[in-house]
Amino acid sequence: MKWLDKIIALFSKRPPAMGDLPQKGMPLQVVASFAGSLAGTQPGEIACDEVDSLMDGFAEIMARGEDASRIMPLVRLHIDHCPECREELEALLAVIEAYQQDDHHAAKVG
Amino acid sequence: MDKRTNADWLAAISHAGDDRENALADLDDLLRKYLPGALNRWLASNDPRFNALVDETVQETLLRVLQHYPAFEGRSQFTTWVFKIAVRVALTDLRRRRWKNISLDEIEAGWDEEGPEIHVAIDPVAQPERLAEQNDVVRRVEAIMNDVLTPRQREVLVMVGVHGLPGDQVAAMLKTNRNALYKMMHDARSRLKQRLEAEGLTTDEIISAFSQQ
């Protein structure tokens, strides 16, 4: 999941926190990131609620090593634009991968 | 490790009784076993608030499972669906806690009725040679953003881009929800994309001008 690591690294550089006020304007990299997201902007994007209803299936496809972006491209597109859904996908993947690892281990032992 | 199928889980949970209690107890165990490892990135497991976060998340998740299990469509394993609920509960809570002391008044101080103007901060030390060229593109983009975006869209951009607020916190402050906020910002991206293309500014050109090298 190298692509996911890259995305997380990009967005983990959070803009200044409130403690840094008074504000000096929007940091260049924030505008650059926003401008970069324009290229991928498409008319039929789905919003957070619909992505949430598909997120568990999407995460399982990823956890199986299949190409989730090809199978569910609209979810992928949303994840690229939405930091909160991206965080939730990352955490969900961590949970199900740990769960499945134990499951496979138990199956071998059993 | 639990070997229930999706149908087993639903059969157990859909009727009050021992089967439901056993199923909820098993979900409680699964959540307490697998959720903490995924939350470490946001809150260290030795933080005094960590155990309370896990407790509250598990309780809230089980409540939501009982409320929403009829809506489970079987697109994943039932346990994955439950983990998804838990992750959303926990991360929403963590984002809310992080920003709970920030008021909308504090952020809006100094804005007029038309909302904030977008102002892009250039650090002249970071790019001495390219400053003039960059400045031109940056100011054009800044002017387009102020012209094309609605006051509310600029407001959201400043809250996210300048103050670093997460989307669900912005949505709560503006008395809307994350879904509506995404749609609003999708509209903002679409308007900006169209206008920038009409003005002959390509995305690559902007990214190149804005990159700090």
# chains A, B, ... in the order shown; residues from 1 in each chain; ligands from 1
>>> interface_residues(of="chain A", to="chain B", cutoff="7 Å", atoms="only C-alpha atoms", output="JSON, numbers by chain")
{"A": [14, 15, 16, 17, 18, 24, 25, 26, 27, 28, 29, 30, 32, 35, 36, 38, 39, 41, 47, 48, 49, 56, 57, 60, 84, 88, 91, 92, 94, 95, 96, 98, 99, 103]}
>>> residues_around(residues="Ile13 (chain B)", least_positions_apart="4", cutoff="10 Å", atoms="only C-alpha atoms", output="list in words")
Ala7, Asp8, Trp9, Gly17, Asp18, Asp19, Arg20, Glu21, Asn22, Ala23, Leu24, Val65, Leu66, Tyr69 and Pro70 of chain B
>>> atom_distance(atom1="CA of Arg154 (chain B)", atom2="CA of Gln169 (chain B)")
16.0 Å
>>> atom_distance(atom1="CA of Leu174 (chain B)", atom2="CA of Ile79 (chain A)")
22.5 Å
>>> select_by_dssp(residues="region 4-205 of chain B", states="helix (DSSP H, G or I)", output="VMD selection string")
chain B and resid 6 to 13 18 to 39 50 to 71 78 to 99 104 to 108 131 to 148 151 to 161 167 to 173 178 to 198 203 to 205
>>> atom_distance(atom1="CA of Gly44 (chain A)", atom2="CA of Arg86 (chain A)")
18.9 Å
>>> decode(residues="region 48-71 of chain A", atoms="N, CA, C and O atoms", output="PDB file, in the first residue's frame")
ATOM      1  N   CYS A  48     -19.503  11.967   1.565  1.00  0.00           N
ATOM      2  CA  CYS A  48     -19.027  11.130   2.679  1.00  0.00           C
ATOM      3  C   CYS A  48     -20.010  10.017   3.086  1.00  0.00           C
ATOM      4  O   CYS A  48     -19.580   8.900   3.381  1.00  0.00           O
ATOM      5  N   ASP A  49     -21.307  10.318   3.109  1.00  0.00           N
ATOM      6  CA  ASP A  49     -22.269   9.311   3.582  1.00  0.00           C
ATOM      7  C   ASP A  49     -22.273   8.075   2.686  1.00  0.00           C
ATOM      8  O   ASP A  49     -22.321   6.940   3.166  1.00  0.00           O
ATOM      9  N   GLU A  50     -22.238   8.321   1.367  1.00  0.00           N
ATOM     10  CA  GLU A  50     -22.254   7.190   0.439  1.00  0.00           C
ATOM     11  C   GLU A  50     -20.944   6.405   0.537  1.00  0.00           C
ATOM     12  O   GLU A  50     -20.936   5.165   0.483  1.00  0.00           O
ATOM     13  N   VAL A  51     -19.848   7.140   0.696  1.00  0.00           N
ATOM     14  CA  VAL A  51     -18.550   6.470   0.856  1.00  0.00           C
ATOM     15  C   VAL A  51     -18.547   5.639   2.136  1.00  0.00           C
ATOM     16  O   VAL A  51     -18.054   4.511   2.157  1.00  0.00           O
ATOM     17  N   ASP A  52     -19.135   6.194   3.183  1.00  0.00           N
ATOM     18  CA  ASP A  52     -19.186   5.457   4.449  1.00  0.00           C
ATOM     19  C   ASP A  52     -19.927   4.124   4.273  1.00  0.00           C
ATOM     20  O   ASP A  52     -19.511   3.098   4.808  1.00  0.00           O
ATOM     21  N   SER A  53     -20.993   4.150   3.487  1.00  0.00           N
ATOM     22  CA  SER A  53     -21.762   2.909   3.299  1.00  0.00           C
ATOM     23  C   SER A  53     -20.979   1.877   2.474  1.00  0.00           C
ATOM     24  O   SER A  53     -21.298   0.691   2.517  1.00  0.00           O
ATOM     25  N   LEU A  54     -19.969   2.336   1.725  1.00  0.00           N
ATOM     26  CA  LEU A  54     -19.183   1.418   0.885  1.00  0.00           C
ATOM     27  C   LEU A  54     -17.795   1.117   1.454  1.00  0.00           C
ATOM     28  O   LEU A  54     -17.061   0.269   0.942  1.00  0.00           O
ATOM     29  N   MET A  55     -17.433   1.857   2.518  1.00  0.00           N
ATOM     30  CA  MET A  55     -16.057   1.816   3.025  1.00  0.00           C
ATOM     31  C   MET A  55     -15.626   0.424   3.470  1.00  0.00           C
ATOM     32  O   MET A  55     -14.479   0.004   3.251  1.00  0.00           O
ATOM     33  N   ASP A  56     -16.523  -0.336   4.135  1.00  0.00           N
ATOM     34  CA  ASP A  56     -16.141  -1.661   4.639  1.00  0.00           C
ATOM     35  C   ASP A  56     -15.816  -2.606   3.480  1.00  0.00           C
ATOM     36  O   ASP A  56     -14.814  -3.321   3.515  1.00  0.00           O
ATOM     37  N   GLY A  57     -16.635  -2.557   2.429  1.00  0.00           N
ATOM     38  CA  GLY A  57     -16.367  -3.391   1.253  1.00  0.00           C
ATOM     39  C   GLY A  57     -15.070  -2.977   0.571  1.00  0.00           C
ATOM     40  O   GLY A  57     -14.260  -3.834   0.172  1.00  0.00           O
ATOM     41  N   PHE A  58     -14.880  -1.676   0.460  1.00  0.00           N
ATOM     42  CA  PHE A  58     -13.670  -1.147  -0.179  1.00  0.00           C
ATOM     43  C   PHE A  58     -12.418  -1.607   0.584  1.00  0.00           C
ATOM     44  O   PHE A  58     -11.434  -2.063  -0.006  1.00  0.00           O
ATOM     45  N   ALA A  59     -12.475  -1.501   1.913  1.00  0.00           N
ATOM     46  CA  ALA A  59     -11.323  -1.881   2.742  1.00  0.00           C
ATOM     47  C   ALA A  59     -11.036  -3.381   2.617  1.00  0.00           C
ATOM     48  O   ALA A  59      -9.864  -3.795   2.569  1.00  0.00           O
ATOM     49  N   GLU A  60     -12.082  -4.187   2.548  1.00  0.00           N
ATOM     50  CA  GLU A  60     -11.850  -5.633   2.405  1.00  0.00           C
ATOM     51  C   GLU A  60     -11.192  -5.963   1.069  1.00  0.00           C
ATOM     52  O   GLU A  60     -10.318  -6.836   0.996  1.00  0.00           O
ATOM     53  N   ILE A  61     -11.615  -5.256   0.020  1.00  0.00           N
ATOM     54  CA  ILE A  61     -11.000  -5.481  -1.301  1.00  0.00           C
ATOM     55  C   ILE A  61      -9.510  -5.132  -1.221  1.00  0.00           C
ATOM     56  O   ILE A  61      -8.647  -5.875  -1.705  1.00  0.00           O
ATOM     57  N   MET A  62      -9.213  -3.994  -0.583  1.00  0.00           N
ATOM     58  CA  MET A  62      -7.805  -3.602  -0.427  1.00  0.00           C
ATOM     59  C   MET A  62      -7.030  -4.627   0.397  1.00  0.00           C
ATOM     60  O   MET A  62      -5.900  -4.991   0.068  1.00  0.00           O
ATOM     61  N   ALA A  63      -7.656  -5.076   1.475  1.00  0.00           N
ATOM     62  CA  ALA A  63      -6.975  -6.028   2.360  1.00  0.00           C
ATOM     63  C   ALA A  63      -6.689  -7.352   1.647  1.00  0.00           C
ATOM     64  O   ALA A  63      -5.742  -8.058   1.986  1.00  0.00           O
ATOM     65  N   ARG A  64      -7.502  -7.674   0.632  1.00  0.00           N
ATOM     66  CA  ARG A  64      -7.244  -8.902  -0.156  1.00  0.00           C
ATOM     67  C   ARG A  64      -6.173  -8.678  -1.207  1.00  0.00           C
ATOM     68  O   ARG A  64      -5.804  -9.597  -1.936  1.00  0.00           O
ATOM     69  N   GLY A  65      -5.704  -7.440  -1.330  1.00  0.00           N
ATOM     70  CA  GLY A  65      -4.654  -7.130  -2.300  1.00  0.00           C
ATOM     71  C   GLY A  65      -5.194  -6.900  -3.704  1.00  0.00           C
ATOM     72  O   GLY A  65      -4.430  -6.851  -4.669  1.00  0.00           O
ATOM     73  N   GLU A  66      -6.506  -6.733  -3.813  1.00  0.00           N
ATOM     74  CA  GLU A  66      -7.089  -6.477  -5.139  1.00  0.00           C
ATOM     75  C   GLU A  66      -7.099  -4.975  -5.413  1.00  0.00           C
ATOM     76  O   GLU A  66      -6.901  -4.164  -4.502  1.00  0.00           O
ATOM     77  N   ASP A  67      -7.347  -4.637  -6.676  1.00  0.00           N
ATOM     78  CA  ASP A  67      -7.281  -3.246  -7.082  1.00  0.00           C
ATOM     79  C   ASP A  67      -8.612  -2.546  -6.774  1.00  0.00           C
ATOM     80  O   ASP A  67      -9.499  -2.431  -7.624  1.00  0.00           O
ATOM     81  N   ALA A  68      -8.725  -2.061  -5.556  1.00  0.00           N
ATOM     82  CA  ALA A  68      -9.977  -1.430  -5.115  1.00  0.00           C
ATOM     83  C   ALA A  68     -10.279  -0.164  -5.922  1.00  0.00           C
ATOM     84  O   ALA A  68     -11.448   0.159  -6.158  1.00  0.00           O
ATOM     85  N   SER A  69      -9.241   0.533  -6.360  1.00  0.00           N
ATOM     86  CA  SER A  69      -9.450   1.774  -7.116  1.00  0.00           C
ATOM     87  C   SER A  69     -10.129   1.501  -8.449  1.00  0.00           C
ATOM     88  O   SER A  69     -10.903   2.319  -8.942  1.00  0.00           O
ATOM     89  N   ARG A  70      -9.828   0.339  -9.041  1.00  0.00           N
ATOM     90  CA  ARG A  70     -10.450  -0.010 -10.321  1.00  0.00           C
ATOM     91  C   ARG A  70     -11.878  -0.504 -10.090  1.00  0.00           C
ATOM     92  O   ARG A  70     -12.789  -0.184 -10.845  1.00  0.00           O
ATOM     93  N   ILE A  71     -12.055  -1.255  -9.010  1.00  0.00           N
ATOM     94  CA  ILE A  71     -13.367  -1.849  -8.744  1.00  0.00           C
ATOM     95  C   ILE A  71     -14.355  -0.788  -8.235  1.00  0.00           C
ATOM     96  O   ILE A  71     -15.526  -0.799  -8.608  1.00  0.00           O
TER      97      ILE A  71
END
